[in-house]
Structures are given as structure tokens and as C-alpha cells.
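Asks: Just dropping this structure here.
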Amino acid sequence: MEVLKESVIILARIITIFPLFLLITHYMGKRSIGEMPIFDFLIIMTLANVVGADIADPKVDHVYTYLAIIVIPLIQKLTAYFSITNRKIGKKITFEPTLVIQDGKISVENLKRIRYTIDNVLRMLRQKNIFDISDVKIAIIEADGQLSVLKKENKLGVTIEDINVKKKSKNLSYPLIVEGKIYEDILNYLGLNRQWLVAELQRRQIAQVNRVFFASINDDHELHVSLKNEHQQMPPIYN
């Protein structure tokens with residue numbers, strides 16, 4: 001009998017709490033669902049835990065749950081307001097955008113600082129139909145973790161109608177060296193060997209393979225290299 005009573009209470013809480021939760025989500029706006037900055041993510045997680053605890057434990061006072069669901073989004077709205085009106089506060093509670101690629105070169109220091117791997121960046125580039133890192137002018141990891149990319153001028157797409165010629169297919173770029181490790185299977189696939197690679201690196205005044213953070217090669221045997229200790233003058237990036 002006690003189990004049935006508590007089940008009815010939980011069912012009643014679900015029926016009453018979710019309409020309020022839905023209204024509050026609409027009040028917080030699309031930004032909380034779409035972009036999901038770090039502070040909004042924490043707000044959503046907190047709300048989820050509050051609602052979950054209320055539904056799962058009939059002993060939790062329903063009134064306090066309602067109070068928390070109303071107050072937490074108000075804090076989010078207030079914080080969003082101060083983030084807009086005061087840039088210093090906004091920078092304290094959100095991640096800043098981080099430049100990870102400039103002129104086809106990877107910023108190893110920035111990748112380590114935000115704890116991203118080269119595999120993360122390459123996957124995100126592929127999702128934007130960019131298969132050769134040398135095509136990238138700049139790439140930025142935004143505050144919400146998404147990747148924004150600006151291609152080099154000579155790699156910007158034009159329509160076939162604009163130039164009235166047959167469009168050529170792009171070369172696919174393969175990862176050849178990742179953090180000093182040579183992928184021998186890529187060399188074999190392209191009909192190359194380690195001696196060719198060493199000669200190409202020496203031509204670029206790179207005596208040791210372990211100096212290479214990332215190197216890619218395309219079907220035309222064009223090699224693109226980013227070094228571990230390569231320091232570039234990075235342009236300022238703002239939110």
C-alpha cells in the first residue's frame with residue numbers, strides 16, 4: 001500500500017513539475033539549448049538534478065523544488081544580463097575563444113591549454129568538409145566548443161557558373177606524422193618510404209621527426225608540417 005501511495009506521489013510530481021520545467025526552459029531561451037556555454041550548461045545540470053531528486057524521492061518537499069526551479073533560471077538571466085553589459089564579468093564566467101590553427105599551422109600550446117587533441121580538431125574540420133589542414137587560414141574553438149573556420153583566400157569556394165569551367169575534385173589529405181610518430185601505412189599506400197620523408201623534412205630544415213607535431217600529405221605528395229615548438233604571432237580573438 002505504501003509503495004502504491006509513493007508511486008502516485010511520484011506520478012503527480014512528474015505531471016506537475018514538467019510543465020513548469022518546460023516554461024522555465026522557454027524563459028531561459030534558445031541560447032541555453034543551442035550554444036550551451038559553460039555557465040548555461042551548469043544551470044541546466046543543476047535544474048536536472050533538482051527535478052530528478054524531486055521526482056525520485058517523495059520525501060523531498062515539492063514547494064522547495066518549485067522555488068529552486070524558479071530562482072535558478074532567474075540567476076541565469078541575471079548573469080546573462082551582466083555578461084552583456086559588463087565584458088569583464090562575461091569573460092570570467094565563460095570560456096574565451098581560442099585560436100588553434102593559423103595559416104595551416106597548429107598552435108600546440110593553445111591545444112594543450114584547452115585540452116584538445118589533434119584528432120579532435122581534424123574530426124571537426126572534416127565535419128566542415130575540410131580534409132586538408134593547409135587550406136585553413138584560421139580556425140577558432142569557440143566558447144561553446146564549436147569550431148569556426150576561415151579558409152585561405154585561394155581556397156574559398158566559387159560556383160561553377162562563376163568561372164564557367166569544370167570543377168576539379170579536391171585532394172584528400174592523410175595524417176602522416178602525429179606527435180612525432182610516423183604512419184608507415186600511409187607511406188606505403190602512397191608508394192613512398194621513410195627515406196623520402198626524411199629527405200623532405202631535411203629540405204625544410206627539420207632534422208628530427210620528433211620535432212613534428214603534425215604532418216599531412218595529399219595524393220600529389222605535397223607535405224604540410226606543423227612543429228611542436230613552432231611559435232607564431234597570434235592575432236587577438238574576442239568573444
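Scheme for the C-alpha cells: letters A, B, ... for chains in order shown; per-chain residue numbers from 1; ligand numbers from 1 in order shown.
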Taking only stretch 65-146 of chain A into account, list the residues labelled alpha helix (DSSP H) by DSSP (computed from the backbone), as a PyMOL selection string.

Replies: chain A and resi 65-85+87-93+108-114+118-127

Asks: If you run DSSP on this backbone, which residues of stretch 109-197 of chain A come out as strand (DSSP E or B), and could you give them as an MDAnalysis selection string?

Replies: chainID A and resid 136:141 147:151 173:178 181:182

Asks: Quick check, in Å to one decimal: how far apart do atom CA of A:Val121 and atom CA of A:Ile43 lie?

Replies: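 If I compute the distance from atom CA of A:Val121 to atom CA of A:Ile43, I get 27.4 Å.
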
Asks: Using only C-alpha atoms, determine which residues lie at most 9 Å from A:Ile186, disregarding the query and same-chain residues fewer than 6 positions distant; provide the list as a PDB file with N, CA and C atoms, in the first residue's frame.

Replies:
ATOM      1  N   TYR A 174      46.134  13.109 -45.906  1.00  0.00           N
ATOM      2  CA  TYR A 174      46.255  11.999 -44.959  1.00  0.00           C
ATOM      3  C   TYR A 174      47.185  12.390 -43.809  1.00  0.00           C
ATOM      4  N   PRO A 175      46.863  12.017 -42.563  1.00  0.00           N
ATOM      5  CA  PRO A 175      47.799  12.262 -41.457  1.00  0.00           C
ATOM      6  C   PRO A 175      49.009  11.346 -41.589  1.00  0.00           C
ATOM      7  N   LEU A 176      50.182  11.938 -41.701  1.00  0.00           N
ATOM      8  CA  LEU A 176      51.411  11.158 -41.903  1.00  0.00           C
ATOM      9  C   LEU A 176      52.246  11.066 -40.633  1.00  0.00           C
ATOM     10  N   LEU A 192      55.531   5.584 -51.109  1.00  0.00           N
ATOM     11  CA  LEU A 192      56.703   6.306 -50.617  1.00  0.00           C
ATOM     12  C   LEU A 192      57.382   5.495 -49.520  1.00  0.00           C
ATOM     13  N   ILE A 217      49.857  14.703 -45.783  1.00  0.00           N
ATOM     14  CA  ILE A 217      50.308  14.575 -47.167  1.00  0.00           C
ATOM     15  C   ILE A 217      49.097  14.271 -48.038  1.00  0.00           C
TER      16      ILE A 217
END

Asks: My list of candidates is A:Val198, A:Ile55, A:Leu125, A:Leu78. Which is closest to A:Ile101 when distances are computed with only C-alpha atoms?

Replies: A:Leu125

Asks: Between A:Asn154, A:Thr65, A:Gln205, A:Ser226, which is the closest to A:Gly52 once you count only C-alpha atoms?

Replies: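 Among the listed residues, A:Thr65 lies closest to A:Gly52.
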
Asks: Which one of A:Val136, A:Ile141, A:Ala48, A:Ala80 sits closest to A:Leu111 if you count only C-alpha atoms?

Replies: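 Answer, going by the shortest atom-to-atom distance: A:Ile141.
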
Asks: For A:Ala12, work out the shell of residues within 12 Å, counting only C-alpha atoms and skipping chain neighbours fewer than 3 positions away, then give it as an MDAnalysis selection string.

Replies: chainID A and resid 5:9 15:19 54:56 58 62

Asks: If you keep C-alpha atoms, can you produce a file of those selected residues as a PDB file, in the first residue's frame?

Replies:
ATOM      1  CA  LYS A   5       0.978   5.708  -2.384  1.00  0.00           C
ATOM      2  CA  GLU A   6       4.540   6.781  -3.172  1.00  0.00           C
ATOM      3  CA  SER A   7       4.082   5.795  -6.835  1.00  0.00           C
ATOM      4  CA  VAL A   8       1.026   8.045  -7.059  1.00  0.00           C
ATOM      5  CA  ILE A   9       3.013  10.883  -5.454  1.00  0.00           C
ATOM      6  CA  ILE A  15       2.744  15.700 -14.125  1.00  0.00           C
ATOM      7  CA  THR A  16       3.111  18.958 -12.182  1.00  0.00           C
ATOM      8  CA  ILE A  17       6.854  19.551 -12.478  1.00  0.00           C
ATOM      9  CA  PHE A  18       7.434  19.092 -16.221  1.00  0.00           C
ATOM     10  CA  PRO A  19       5.055  21.838 -17.418  1.00  0.00           C
ATOM     11  CA  ASP A  54      12.180  15.737  -6.521  1.00  0.00           C
ATOM     12  CA  ILE A  55      10.712  13.014  -8.749  1.00  0.00           C
ATOM     13  CA  ALA A  56      12.764  10.152  -7.310  1.00  0.00           C
ATOM     14  CA  PRO A  58       8.724  11.585  -2.394  1.00  0.00           C
ATOM     15  CA  HIS A  62       7.657  19.817  -3.545  1.00  0.00           C
TER      16      HIS A  62
END

Asks: Which polymer residues have any atom within 10 Å of an atom of A:Lys137, counting only C-alpha atoms, with same-chain residues fewer than 5 positions away left out, as a VMD selection string?

Replies: chain A and resid 101 to 105 149 to 153 155
